[in-house]
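Student: Contents are mmCIF, C-alpha atoms (C1' of nucleotides); file name start-v3.cif:
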data_coords
#
loop_
_atom_site.group_PDB
_atom_site.id
_atom_site.type_symbol
_atom_site.label_atom_id
_atom_site.label_comp_id
_atom_site.auth_asym_id
_atom_site.auth_seq_id
_atom_site.Cartn_x
_atom_site.Cartn_y
_atom_site.Cartn_z
ATOM 1 C CA MET A 1 -122.101 -27.060 -12.325
ATOM 2 C CA THR A 2 -118.884 -27.931 -10.507
ATOM 3 C CA VAL A 3 -116.938 -25.027 -11.845
ATOM 4 C CA ALA A 4 -113.308 -26.101 -11.448
ATOM 5 C CA VAL A 5 -113.524 -27.710 -7.997
ATOM 6 C CA ASP A 6 -109.898 -26.825 -7.451
ATOM 7 C CA ALA A 7 -108.531 -30.324 -6.860
ATOM 8 C CA ALA A 8 -108.785 -29.927 -3.080
ATOM 9 C CA GLU A 9 -105.406 -31.388 -2.239
ATOM 10 C CA ARG A 10 -105.614 -33.645 0.767
ATOM 11 C CA LEU A 11 -103.456 -32.224 3.517
ATOM 12 C CA ILE A 12 -101.442 -34.556 5.684
ATOM 13 C CA ARG A 13 -100.152 -34.279 9.208
ATOM 14 C CA ILE A 14 -96.611 -34.350 10.442
ATOM 15 C CA GLY A 15 -96.497 -38.054 11.234
ATOM 16 C CA GLU A 16 -97.377 -39.011 7.696
ATOM 17 C CA VAL A 17 -94.714 -36.700 6.332
ATOM 18 C CA ALA A 18 -92.129 -38.167 8.666
ATOM 19 C CA ARG A 19 -92.983 -41.781 7.893
ATOM 20 C CA GLY A 20 -93.202 -41.051 4.205
ATOM 21 C CA ALA A 21 -89.780 -39.491 4.080
ATOM 22 C CA GLY A 22 -88.189 -41.827 6.591
ATOM 23 C CA VAL A 23 -87.248 -39.199 9.150
ATOM 24 C CA SER A 24 -88.401 -38.376 12.661
ATOM 25 C CA VAL A 25 -91.243 -36.078 13.535
ATOM 26 C CA ARG A 26 -88.742 -34.001 15.409
ATOM 27 C CA ALA A 27 -86.746 -33.514 12.239
ATOM 28 C CA VAL A 28 -89.762 -32.201 10.347
ATOM 29 C CA ARG A 29 -90.474 -29.683 13.104
ATOM 30 C CA TYR A 30 -86.858 -28.653 12.963
ATOM 31 C CA TYR A 31 -87.103 -28.027 9.220
ATOM 32 C CA GLU A 32 -90.009 -25.707 9.806
ATOM 33 C CA GLN A 33 -88.081 -23.854 12.476
ATOM 34 C CA GLN A 34 -85.222 -23.393 10.013
ATOM 35 C CA GLY A 35 -87.576 -22.033 7.413
ATOM 36 C CA LEU A 36 -87.128 -25.005 5.112
ATOM 37 C CA LEU A 37 -90.629 -26.382 5.256
ATOM 38 C CA PRO A 38 -93.413 -23.969 6.217
ATOM 39 C CA ALA A 39 -96.658 -25.550 7.345
ATOM 40 C CA GLU A 40 -100.253 -24.492 7.511
ATOM 41 C CA ARG A 41 -102.038 -25.002 10.788
ATOM 42 C CA SER A 42 -105.337 -26.618 11.622
ATOM 43 C CA PRO A 43 -107.706 -24.695 13.903
ATOM 44 C CA SER A 44 -106.341 -26.694 16.810
ATOM 45 C CA GLY A 45 -102.763 -25.843 15.920
ATOM 46 C CA GLN A 46 -101.627 -29.020 14.232
ATOM 47 C CA ARG A 47 -99.277 -28.751 11.285
ATOM 48 C CA LEU A 48 -100.712 -29.528 7.872
ATOM 49 C CA TYR A 49 -98.646 -30.280 4.802
ATOM 50 C CA ARG A 50 -99.221 -30.946 1.138
ATOM 51 C CA GLN A 51 -98.091 -34.323 -0.167
ATOM 52 C CA ASP A 52 -95.085 -32.880 -1.928
ATOM 53 C CA ALA A 53 -93.687 -32.100 1.506
ATOM 54 C CA ILE A 54 -92.491 -35.696 1.558
ATOM 55 C CA SER A 55 -90.351 -35.339 -1.536
ATOM 56 C CA ARG A 56 -89.109 -32.015 -0.270
ATOM 57 C CA VAL A 57 -87.935 -33.634 2.941
ATOM 58 C CA ARG A 58 -86.202 -36.340 0.932
ATOM 59 C CA PHE A 59 -84.490 -33.658 -1.025
ATOM 60 C CA PHE A 60 -83.351 -31.925 2.154
ATOM 61 C CA GLN A 61 -81.902 -35.190 3.371
ATOM 62 C CA GLN A 62 -79.953 -35.519 0.174
ATOM 63 C CA MET A 63 -78.567 -32.017 0.524
ATOM 64 C CA PHE A 64 -77.710 -32.572 4.173
ATOM 65 C CA ALA A 65 -75.894 -35.708 3.173
ATOM 66 C CA ALA A 66 -73.963 -33.600 0.732
ATOM 67 C CA GLY A 67 -72.857 -31.347 3.557
ATOM 68 C CA LEU A 68 -75.102 -28.360 2.919
ATOM 69 C CA THR A 69 -76.396 -26.590 5.997
ATOM 70 C CA SER A 70 -80.044 -25.734 6.428
ATOM 71 C CA ARG A 71 -79.123 -22.084 6.029
ATOM 72 C CA ARG A 72 -77.503 -22.737 2.686
ATOM 73 C CA ILE A 73 -80.496 -24.700 1.547
ATOM 74 C CA THR A 74 -82.897 -21.919 2.467
ATOM 75 C CA GLU A 75 -80.753 -19.514 0.494
ATOM 76 C CA LEU A 76 -80.939 -21.786 -2.520
ATOM 77 C CA LEU A 77 -84.566 -22.846 -2.239
ATOM 78 C CA PRO A 78 -85.772 -20.194 -4.701
ATOM 79 C CA CYS A 79 -83.587 -21.859 -7.347
ATOM 80 C CA TRP A 80 -85.827 -24.869 -7.764
ATOM 81 C CA ASP A 81 -88.990 -23.401 -6.331
ATOM 82 C CA SER A 82 -89.199 -20.604 -8.842
ATOM 83 C CA GLY A 83 -86.718 -22.018 -11.328
ATOM 84 C CA HIS A 84 -85.256 -18.562 -11.497
ATOM 85 C CA THR A 85 -81.966 -17.375 -10.032
ATOM 86 C CA ASP A 86 -79.803 -14.324 -9.863
ATOM 87 C CA ALA A 87 -76.064 -14.281 -10.393
ATOM 88 C CA GLU A 88 -75.297 -14.627 -6.703
ATOM 89 C CA GLN A 89 -77.377 -17.759 -6.372
ATOM 90 C CA ARG A 90 -75.831 -19.313 -9.453
ATOM 91 C CA ALA A 91 -72.436 -18.645 -7.941
ATOM 92 C CA MET A 92 -73.481 -20.339 -4.700
ATOM 93 C CA LEU A 93 -74.714 -23.338 -6.615
ATOM 94 C CA ARG A 94 -71.353 -23.705 -8.281
ATOM 95 C CA VAL A 95 -69.466 -23.267 -5.037
ATOM 96 C CA GLU A 96 -71.494 -26.012 -3.398
ATOM 97 C CA ARG A 97 -71.049 -28.243 -6.401
ATOM 98 C CA GLU A 98 -67.292 -27.853 -6.166
ATOM 99 C CA ARG A 99 -67.352 -28.514 -2.440
ATOM 100 C CA ILE A 100 -69.177 -31.749 -3.048
ATOM 101 C CA GLN A 101 -66.808 -32.783 -5.794
ATOM 102 C CA ALA A 102 -63.803 -32.081 -3.581
ATOM 103 C CA ARG A 103 -65.383 -34.174 -0.877
ATOM 104 C CA ILE A 104 -65.931 -37.019 -3.322
ATOM 105 C CA ASP A 105 -62.275 -36.909 -4.279
ATOM 106 C CA GLU A 106 -61.242 -37.012 -0.629
ATOM 107 C CA LEU A 107 -63.451 -39.979 0.028
ATOM 108 C CA GLN A 108 -62.216 -41.864 -2.988
ATOM 109 C CA ALA A 109 -58.652 -41.332 -1.848
ATOM 110 C CA ALA A 110 -59.524 -42.594 1.610
ATOM 111 C CA ARG A 111 -61.331 -45.583 0.150
ATOM 112 C CA ASP A 112 -58.335 -46.455 -2.010
ATOM 113 C CA ARG A 113 -56.167 -46.149 1.061
ATOM 114 C CA LEU A 114 -58.346 -48.599 2.930
ATOM 115 C CA ASP A 115 -58.364 -50.927 -0.047
ATOM 116 C CA GLU A 116 -54.591 -51.100 0.115
ATOM 117 C CA VAL A 117 -54.725 -52.073 3.754
ATOM 118 C CA ILE A 118 -57.405 -54.642 3.060
ATOM 119 C CA ALA A 119 -55.386 -56.162 0.260
ATOM 120 C CA ILE A 120 -52.329 -56.451 2.475
ATOM 121 C CA THR A 121 -54.111 -57.863 5.489
ATOM 122 C CA ASP A 122 -55.944 -60.364 3.325
ATOM 123 C CA THR A 123 -52.811 -61.799 1.760
ATOM 124 C CA HIS A 124 -51.051 -61.523 5.116
ATOM 125 C CA PRO A 125 -53.176 -63.738 7.376
ATOM 126 C CA MET B 1 -15.327 -46.333 19.533
ATOM 127 C CA THR B 2 -18.842 -45.319 18.555
ATOM 128 C CA VAL B 3 -20.239 -48.785 18.568
ATOM 129 C CA ALA B 4 -23.416 -48.645 16.461
ATOM 130 C CA VAL B 5 -24.610 -45.183 17.314
ATOM 131 C CA ASP B 6 -28.114 -46.390 16.716
ATOM 132 C CA ALA B 7 -29.226 -43.883 14.114
ATOM 133 C CA ALA B 8 -30.389 -41.522 16.857
ATOM 134 C CA GLU B 9 -33.619 -40.423 15.268
ATOM 135 C CA ARG B 10 -34.083 -36.742 15.857
ATOM 136 C CA LEU B 11 -37.185 -36.253 17.923
ATOM 137 C CA ILE B 12 -39.406 -33.297 17.189
ATOM 138 C CA ARG B 13 -41.743 -31.298 19.329
ATOM 139 C CA ILE B 14 -45.428 -30.781 18.968
ATOM 140 C CA GLY B 15 -45.235 -27.519 17.059
ATOM 141 C CA GLU B 16 -43.161 -29.074 14.327
ATOM 142 C CA VAL B 17 -45.573 -31.966 14.009
ATOM 143 C CA ALA B 18 -48.499 -29.589 13.771
ATOM 144 C CA ARG B 19 -46.898 -27.339 11.170
ATOM 145 C CA GLY B 20 -45.673 -30.325 9.211
ATOM 146 C CA ALA B 21 -49.098 -31.887 9.004
ATOM 147 C CA GLY B 22 -51.004 -28.653 8.648
ATOM 148 C CA VAL B 23 -53.064 -28.998 11.799
ATOM 149 C CA SER B 24 -53.196 -27.162 15.098
ATOM 150 C CA VAL B 25 -51.139 -27.993 18.159
ATOM 151 C CA ARG B 26 -54.405 -28.533 19.958
ATOM 152 C CA ALA B 27 -55.340 -31.196 17.443
ATOM 153 C CA VAL B 28 -52.125 -33.117 18.032
ATOM 154 C CA ARG B 29 -52.686 -33.081 21.791
ATOM 155 C CA TYR B 30 -56.194 -34.298 21.157
ATOM 156 C CA TYR B 31 -54.893 -37.215 19.120
ATOM 157 C CA GLU B 32 -52.709 -38.261 22.010
ATOM 158 C CA GLN B 33 -55.618 -38.046 24.389
ATOM 159 C CA GLN B 34 -57.598 -40.304 22.068
ATOM 160 C CA GLY B 35 -54.788 -42.806 21.979
ATOM 161 C CA LEU B 36 -54.050 -42.186 18.326
ATOM 162 C CA LEU B 37 -50.605 -40.722 18.676
ATOM 163 C CA PRO B 38 -48.678 -41.593 21.834
ATOM 164 C CA ALA B 39 -45.742 -39.356 22.640
ATOM 165 C CA GLU B 40 -42.589 -39.684 24.635
ATOM 166 C CA ARG B 41 -41.865 -36.983 27.124
ATOM 167 C CA SER B 42 -38.773 -34.911 27.721
ATOM 168 C CA PRO B 43 -37.555 -34.609 31.333
ATOM 169 C CA SER B 44 -39.462 -31.343 31.572
ATOM 170 C CA GLY B 45 -42.645 -32.914 30.317
ATOM 171 C CA GLN B 46 -42.715 -31.772 26.717
ATOM 172 C CA ARG B 47 -44.055 -34.153 24.095
ATOM 173 C CA LEU B 48 -41.509 -35.676 21.753
ATOM 174 C CA TYR B 49 -42.379 -37.336 18.470
ATOM 175 C CA ARG B 50 -40.610 -39.218 15.730
ATOM 176 C CA GLN B 51 -40.775 -37.682 12.259
ATOM 177 C CA ASP B 52 -43.240 -40.235 11.029
ATOM 178 C CA ALA B 53 -45.728 -38.674 13.396
ATOM 179 C CA ILE B 54 -46.336 -36.098 10.682
ATOM 180 C CA SER B 55 -47.430 -38.636 8.103
ATOM 181 C CA ARG B 56 -49.502 -40.361 10.743
ATOM 182 C CA VAL B 57 -51.353 -37.165 11.451
ATOM 183 C CA ARG B 58 -51.946 -36.670 7.733
ATOM 184 C CA PHE B 59 -53.344 -40.162 7.625
ATOM 185 C CA PHE B 60 -55.656 -39.437 10.541
ATOM 186 C CA GLN B 61 -56.923 -36.385 8.728
ATOM 187 C CA GLN B 62 -57.700 -38.487 5.708
ATOM 188 C CA MET B 63 -59.600 -40.991 7.801
ATOM 189 C CA PHE B 64 -61.483 -38.246 9.621
ATOM 190 C CA ALA B 65 -62.417 -36.809 6.264
ATOM 191 C CA ALA B 66 -63.753 -40.221 5.377
ATOM 192 C CA GLY B 67 -65.980 -40.132 8.418
ATOM 193 C CA LEU B 68 -64.109 -42.509 10.700
ATOM 194 C CA THR B 69 -64.113 -41.603 14.359
ATOM 195 C CA SER B 70 -60.958 -41.537 16.428
ATOM 196 C CA ARG B 71 -62.231 -44.564 18.300
ATOM 197 C CA ARG B 72 -62.610 -46.516 15.080
ATOM 198 C CA ILE B 73 -59.143 -45.509 13.991
ATOM 199 C CA THR B 74 -57.588 -46.646 17.249
ATOM 200 C CA GLU B 75 -59.314 -49.977 16.848
ATOM 201 C CA LEU B 76 -57.876 -50.325 13.368
ATOM 202 C CA LEU B 77 -54.404 -48.943 14.031
ATOM 203 C CA PRO B 78 -52.882 -52.399 14.577
ATOM 204 C CA CYS B 79 -53.819 -53.229 10.966
ATOM 205 C CA TRP B 80 -51.174 -51.031 9.418
ATOM 206 C CA ASP B 81 -48.876 -50.772 12.393
ATOM 207 C CA SER B 82 -48.285 -54.479 12.671
ATOM 208 C CA GLY B 83 -49.624 -55.404 9.243
ATOM 209 C CA HIS B 84 -51.439 -58.222 10.973
ATOM 210 C CA THR B 85 -55.132 -58.475 11.661
ATOM 211 C CA ASP B 86 -57.669 -60.828 13.126
ATOM 212 C CA ALA B 87 -60.999 -61.650 11.570
ATOM 213 C CA GLU B 88 -62.816 -59.004 13.558
ATOM 214 C CA GLN B 89 -60.535 -56.255 12.351
ATOM 215 C CA ARG B 90 -60.786 -57.364 8.751
ATOM 216 C CA ALA B 91 -64.547 -57.231 9.113
ATOM 217 C CA MET B 92 -64.343 -53.707 10.489
ATOM 218 C CA LEU B 93 -62.145 -52.656 7.598
ATOM 219 C CA ARG B 94 -64.714 -53.889 5.137
ATOM 220 C CA VAL B 95 -67.567 -52.245 6.998
ATOM 221 C CA GLU B 96 -65.788 -48.905 6.913
ATOM 222 C CA ARG B 97 -64.936 -49.332 3.275
ATOM 223 C CA GLU B 98 -68.577 -49.914 2.468
ATOM 224 C CA ARG B 99 -69.602 -46.917 4.530
ATOM 225 C CA ILE B 100 -67.249 -44.748 2.566
ATOM 226 C CA GLN B 101 -68.456 -46.134 -0.735
ATOM 227 C CA ALA B 102 -72.064 -45.550 0.247
ATOM 228 C CA ARG B 103 -71.161 -41.988 1.157
ATOM 229 C CA ILE B 104 -69.497 -41.507 -2.221
ATOM 230 C CA ASP B 105 -72.624 -42.713 -3.958
ATOM 231 C CA GLU B 106 -74.754 -40.321 -1.928
ATOM 232 C CA LEU B 107 -72.527 -37.417 -2.767
ATOM 233 C CA GLN B 108 -72.461 -38.242 -6.443
ATOM 234 C CA ALA B 109 -76.242 -38.364 -6.467
ATOM 235 C CA ALA B 110 -76.388 -35.004 -4.727
ATOM 236 C CA ARG B 111 -73.860 -33.558 -7.141
ATOM 237 C CA ASP B 112 -75.878 -34.772 -10.126
ATOM 238 C CA ARG B 113 -78.942 -33.247 -8.559
ATOM 239 C CA LEU B 114 -77.226 -29.912 -8.250
ATOM 240 C CA ASP B 115 -75.941 -30.195 -11.799
ATOM 241 C CA GLU B 116 -79.502 -30.499 -13.004
ATOM 242 C CA VAL B 117 -80.468 -27.355 -11.181
ATOM 243 C CA ILE B 118 -77.427 -25.558 -12.505
ATOM 244 C CA ALA B 119 -78.230 -26.584 -16.051
ATOM 245 C CA ILE B 120 -81.793 -25.350 -15.716
ATOM 246 C CA THR B 121 -80.956 -22.044 -14.092
ATOM 247 C CA ASP B 122 -78.246 -21.395 -16.648
ATOM 248 C CA THR B 123 -80.511 -21.872 -19.641
ATOM 249 C CA HIS B 124 -83.293 -20.085 -17.769
ATOM 250 C CA PRO B 125 -81.855 -16.670 -17.041
ATOM 251 C "C1'" DC C 1 -29.685 -12.182 31.593
ATOM 252 C "C1'" DT C 2 -33.862 -11.282 29.530
ATOM 253 C "C1'" DA C 3 -37.591 -11.306 26.511
ATOM 254 C "C1'" DA C 4 -40.012 -13.759 23.188
ATOM 255 C "C1'" DA C 5 -41.655 -17.923 21.581
ATOM 256 C "C1'" DA C 6 -43.063 -22.434 22.499
ATOM 257 C "C1'" DC C 7 -44.909 -25.647 25.602
ATOM 258 C "C1'" DC C 8 -47.738 -27.458 29.608
ATOM 259 C "C1'" DT C 9 -52.442 -28.740 32.083
ATOM 260 C "C1'" DG C 10 -57.129 -28.140 32.868
ATOM 261 C "C1'" DA C 11 -61.574 -26.727 31.559
ATOM 262 C "C1'" DC C 12 -65.275 -24.449 29.198
ATOM 263 C "C1'" DG C 13 -67.206 -23.229 24.333
ATOM 264 C "C1'" DC C 14 -68.884 -24.348 19.734
ATOM 265 C "C1'" DC C 15 -71.678 -26.094 15.903
ATOM 266 C "C1'" DA C 16 -75.465 -28.714 13.468
ATOM 267 C "C1'" DA C 17 -79.082 -31.712 13.281
ATOM 268 C "C1'" DC C 18 -81.510 -33.561 15.676
ATOM 269 C "C1'" DG C 19 -82.862 -36.981 20.439
ATOM 270 C "C1'" DT C 20 -85.359 -36.955 24.427
ATOM 271 C "C1'" DC C 21 -88.124 -35.779 28.237
ATOM 272 C "C1'" DA C 22 -92.061 -33.272 30.507
ATOM 273 C "C1'" DG C 23 -96.552 -31.901 30.669
ATOM 274 C "C1'" DA C 24 -100.698 -30.823 28.130
ATOM 275 C "C1'" DG C 25 -104.077 -31.038 24.490
ATOM 276 C "C1'" DG C 26 -106.537 -33.369 20.217
ATOM 277 C "C1'" DC C 27 -109.044 -37.164 17.716
ATOM 278 C "C1'" DA C 28 -111.077 -41.568 16.069
ATOM 279 C "C1'" DA C 29 -112.937 -46.110 17.772
ATOM 280 C "C1'" DG C 30 -115.557 -49.017 20.610
ATOM 281 C "C1'" DC D 1 -116.672 -41.992 28.027
ATOM 282 C "C1'" DT D 2 -112.422 -43.596 27.897
ATOM 283 C "C1'" DT D 3 -108.667 -45.680 25.909
ATOM 284 C "C1'" DG D 4 -104.856 -45.095 23.080
ATOM 285 C "C1'" DC D 5 -102.402 -42.877 19.624
ATOM 286 C "C1'" DC D 6 -101.073 -38.493 17.582
ATOM 287 C "C1'" DT D 7 -99.750 -33.866 18.175
ATOM 288 C "C1'" DC D 8 -98.294 -29.585 20.590
ATOM 289 C "C1'" DT D 9 -94.670 -26.314 22.944
ATOM 290 C "C1'" DG D 10 -90.612 -25.537 25.359
ATOM 291 C "C1'" DA D 11 -86.127 -26.743 26.768
ATOM 292 C "C1'" DC D 12 -82.114 -29.378 27.833
ATOM 293 C "C1'" DG D 13 -78.840 -33.260 26.073
ATOM 294 C "C1'" DT D 14 -75.773 -35.445 22.560
ATOM 295 C "C1'" DT D 15 -71.769 -36.126 19.482
ATOM 296 C "C1'" DG D 16 -66.844 -35.129 17.543
ATOM 297 C "C1'" DG D 17 -63.097 -32.640 16.698
ATOM 298 C "C1'" DC D 18 -61.318 -29.445 17.911
ATOM 299 C "C1'" DG D 19 -61.006 -23.578 19.423
ATOM 300 C "C1'" DT D 20 -59.923 -20.774 23.040
ATOM 301 C "C1'" DC D 21 -58.867 -18.788 27.326
ATOM 302 C "C1'" DA D 22 -56.280 -18.841 31.926
ATOM 303 C "C1'" DG D 23 -52.275 -19.227 34.329
ATOM 304 C "C1'" DG D 24 -47.960 -21.248 34.664
ATOM 305 C "C1'" DT D 25 -43.127 -23.556 33.035
ATOM 306 C "C1'" DT D 26 -39.447 -24.215 29.421
ATOM 307 C "C1'" DT D 27 -36.652 -23.371 25.622
ATOM 308 C "C1'" DT D 28 -34.377 -20.403 22.572
ATOM 309 C "C1'" DA D 29 -32.477 -16.100 20.477
ATOM 310 C "C1'" DG D 30 -29.851 -12.111 21.169
#
Could the structure of this file be written out as structure tokens, please?

Tutor:
Amino acid sequence: MTVAVDAAERLIRIGEVARGAGVSVRAVRYYEQQGLLPAERSPSGQRLYRQDAISRVRFFQQMFAAGLTSRRITELLPCWDSGHTDAEQRAMLRVERERIQARIDELQAARDRLDEVIAITDTHP
Amino acid sequence: MTVAVDAAERLIRIGEVARGAGVSVRAVRYYEQQGLLPAERSPSGQRLYRQDAISRVRFFQQMFAAGLTSRRITELLPCWDSGHTDAEQRAMLRVERERIQARIDELQAARDRLDEVIAITDTHP
DNA sequence: CTAAAACCTGACGCCAACGTCAGAGGCAAG
DNA sequence: CTTGCCTCTGACGTTGGCGTCAGGTTTTAG
């Protein structure tokens, strides 16, 4: 009579999360400290995570790469955790989007600049 | 008998460079310290620059924005100062170009990710 | 001549995302 | 049991491009 044996999700420890996401253990602890990635604790005090912690960490990495701070990410976490946002959060999302786009434009300009130099120095041995 | 009054280029002081390039005076001093922007000195010790210092500073800003360090820039300065490069420098140019391109790709991915969230939260009020 | 504005040289501060070290406990295998 | 790896909590160190303050000289405007 196994009445809905609620899919007892196997919990993983910090090392597995770190290896899975390709970051350091230290980084994962840091994310918890910043409120990005809360963890359960085993009786002995070890951190326990669900498997989706790995994809969450990957996502954080992507946002960090985009120049978002951990504070900004925590402020925006409800957006894709609950899928629901208020006006203020939607505004923040747009602001960050524009920041990223501006950064892309900067980088493309810099890349084009370097390409010029490369073209010159290649024809000018 | 002004025999070839060699186009006495008007030298400018640090404040003018800073205002012209839209950076702080401190930043310009820092560039000198890093070997990016050498300066002559007046008898009293004040830094004197040629006008093209302004465009050089703008260029540095662009490279900084692209993620190059001042050290990297100093190593690559000969490329567009003399227009001549050795194999090692050409290799460095390409490495930096690829770094920038990789960064652009990252940012575009992050932007697309945010766009997804924005689309969802907008249709999901 | 004088006061304001600009410049000088140190030298410490800052921020963000970790790295790294120390010292101590936890856990599976043989 | 013990060996070896994993984990824990602090807490200080790192990196880069400056900001900022202190205390003094120089240049410029009136």

Student: Which chain B residues are at most 10 Å from chain D (counting only C-alpha atoms (C1' of nucleotides)), as a list of chain:residue names?

Tutor: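 Here is what falls inside 10 Å: B:Ser24, B:Arg26, B:Ala27, B:Val28, B:Tyr30, B:Tyr31, B:Ser44, B:Gly45, B:Gln46, B:Phe64, B:Thr69, B:Ser70.
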
Student: Matching every Cα in sequence order between the two identical chains, what are the coordinates of chain A once fitted onto chain B? Write them as a compact mmCIF listing (two decimals) with C-alpha atoms, in the frame of the given file.

Tutor:
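What ended up in result_24.txt:
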# COMPACT_ATOMS: atom_id res chain seq x y z
CA MET A 1 -15.38 -47.89 17.13
CA THR A 2 -18.86 -46.45 16.69
CA VAL A 3 -20.64 -49.72 17.07
CA ALA A 4 -24.01 -49.12 15.42
CA VAL A 5 -24.72 -45.61 16.73
CA ASP A 6 -28.41 -46.35 16.47
CA ALA A 7 -29.40 -43.56 14.09
CA ALA A 8 -30.46 -41.30 16.97
CA GLU A 9 -33.69 -40.09 15.43
CA ARG A 10 -34.17 -36.40 16.02
CA LEU A 11 -37.29 -35.88 18.08
CA ILE A 12 -39.56 -32.98 17.31
CA ARG A 13 -41.96 -31.00 19.42
CA ILE A 14 -45.67 -30.57 19.02
CA GLY A 15 -45.52 -27.33 17.05
CA GLU A 16 -43.40 -28.88 14.34
CA VAL A 17 -45.76 -31.82 14.08
CA ALA A 18 -48.74 -29.51 13.80
CA ARG A 19 -47.19 -27.26 11.17
CA GLY A 20 -45.88 -30.23 9.26
CA ALA A 21 -49.25 -31.89 9.07
CA GLY A 22 -51.24 -28.70 8.67
CA VAL A 23 -53.32 -29.04 11.81
CA SER A 24 -53.51 -27.16 15.10
CA VAL A 25 -51.46 -27.91 18.15
CA ARG A 26 -54.70 -28.50 19.95
CA ALA A 27 -55.59 -31.23 17.49
CA VAL A 28 -52.33 -33.07 18.10
CA ARG A 29 -52.92 -33.00 21.85
CA TYR A 30 -56.39 -34.30 21.24
CA TYR A 31 -55.02 -37.22 19.23
CA GLU A 32 -52.82 -38.17 22.13
CA GLN A 33 -55.75 -38.00 24.51
CA GLN A 34 -57.68 -40.34 22.21
CA GLY A 35 -54.81 -42.78 22.16
CA LEU A 36 -54.07 -42.18 18.49
CA LEU A 37 -50.65 -40.63 18.84
CA PRO A 38 -48.70 -41.42 22.02
CA ALA A 39 -45.82 -39.09 22.81
CA GLU A 40 -42.66 -39.31 24.82
CA ARG A 41 -42.00 -36.53 27.27
CA SER A 42 -38.97 -34.37 27.85
CA PRO A 43 -37.77 -33.96 31.45
CA SER A 44 -39.73 -30.73 31.61
CA GLY A 45 -42.89 -32.40 30.39
CA GLN A 46 -42.96 -31.33 26.77
CA ARG A 47 -44.23 -33.79 24.19
CA LEU A 48 -41.66 -35.31 21.87
CA TYR A 49 -42.47 -37.06 18.63
CA ARG A 50 -40.64 -38.94 15.92
CA GLN A 51 -40.80 -37.47 12.43
CA ASP A 52 -43.23 -40.08 11.21
CA ALA A 53 -45.77 -38.54 13.56
CA ILE A 54 -46.41 -36.02 10.81
CA SER A 55 -47.44 -38.61 8.26
CA ARG A 56 -49.48 -40.37 10.90
CA VAL A 57 -51.41 -37.18 11.58
CA ARG A 58 -51.99 -36.75 7.86
CA PHE A 59 -53.32 -40.24 7.76
CA PHE A 60 -55.67 -39.54 10.66
CA GLN A 61 -56.97 -36.51 8.82
CA GLN A 62 -57.69 -38.64 5.82
CA MET A 63 -59.59 -41.16 7.91
CA PHE A 64 -61.51 -38.43 9.70
CA ALA A 65 -62.45 -37.02 6.34
CA ALA A 66 -63.74 -40.44 5.46
CA GLY A 67 -66.01 -40.35 8.48
CA LEU A 68 -64.12 -42.69 10.79
CA THR A 69 -64.16 -41.77 14.45
CA SER A 70 -61.02 -41.66 16.53
CA ARG A 71 -62.25 -44.72 18.38
CA ARG A 72 -62.57 -46.67 15.16
CA ILE A 73 -59.13 -45.61 14.10
CA THR A 74 -57.58 -46.74 17.36
CA GLU A 75 -59.26 -50.09 16.92
CA LEU A 76 -57.78 -50.41 13.46
CA LEU A 77 -54.34 -48.99 14.15
CA PRO A 78 -52.77 -52.43 14.67
CA CYS A 79 -53.71 -53.24 11.06
CA TRP A 80 -51.07 -51.02 9.53
CA ASP A 81 -48.79 -50.75 12.52
CA SER A 82 -48.15 -54.45 12.77
CA GLY A 83 -49.46 -55.38 9.34
CA HIS A 84 -51.25 -58.22 11.03
CA THR A 85 -54.97 -58.53 11.70
CA ASP A 86 -57.46 -60.93 13.12
CA ALA A 87 -60.79 -61.78 11.54
CA GLU A 88 -62.67 -59.17 13.53
CA GLN A 89 -60.40 -56.38 12.36
CA ARG A 90 -60.62 -57.49 8.76
CA ALA A 91 -64.38 -57.40 9.08
CA MET A 92 -64.24 -53.86 10.47
CA LEU A 93 -62.04 -52.78 7.61
CA ARG A 94 -64.58 -54.04 5.13
CA VAL A 95 -67.47 -52.44 6.96
CA GLU A 96 -65.74 -49.08 6.91
CA ARG A 97 -64.86 -49.49 3.27
CA GLU A 98 -68.50 -50.09 2.44
CA ARG A 99 -69.58 -47.12 4.51
CA ILE A 100 -67.22 -44.92 2.57
CA GLN A 101 -68.39 -46.28 -0.75
CA ALA A 102 -72.02 -45.70 0.20
CA ARG A 103 -71.15 -42.16 1.14
CA ILE A 104 -69.44 -41.63 -2.20
CA ASP A 105 -72.56 -42.81 -3.99
CA GLU A 106 -74.71 -40.43 -1.95
CA LEU A 107 -72.45 -37.54 -2.75
CA GLN A 108 -72.35 -38.32 -6.43
CA ALA A 109 -76.13 -38.40 -6.50
CA ALA A 110 -76.28 -35.06 -4.73
CA ARG A 111 -73.69 -33.60 -7.09
CA ASP A 112 -75.66 -34.78 -10.12
CA ARG A 113 -78.74 -33.23 -8.58
CA LEU A 114 -76.98 -29.91 -8.23
CA ASP A 115 -75.66 -30.18 -11.76
CA GLU A 116 -79.22 -30.42 -13.03
CA VAL A 117 -80.15 -27.26 -11.19
CA ILE A 118 -77.07 -25.50 -12.47
CA ALA A 119 -77.82 -26.50 -16.03
CA ILE A 120 -81.37 -25.20 -15.76
CA THR A 121 -80.50 -21.93 -14.08
CA ASP A 122 -77.73 -21.30 -16.58
CA THR A 123 -79.94 -21.68 -19.62
CA HIS A 124 -82.73 -19.87 -17.78
CA PRO A 125 -81.18 -16.47 -17.03

Student: Once the PyMOL selection byres ((chain B) within 6 of (chain A)) has been applied to the shown file, what residues remain in the selection, as a list in words?

Tutor: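 The output of the PyMOL selection byres ((chain B) within 6 of (chain A)) on this file is Ala66, Ile104 and Leu107 of chain B.
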
Student: Could you state the separation of CA of Ala21 in chain A and CA of Arg58 in chain A in Å, given to one decimal place?

Tutor: 5.7 Å

Student: Work out how far CA of Arg50 in chain B is from CA of Gly35 in chain B, in Å to one decimal.

Tutor: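 Computing it gives 15.9 Å between the two atoms.
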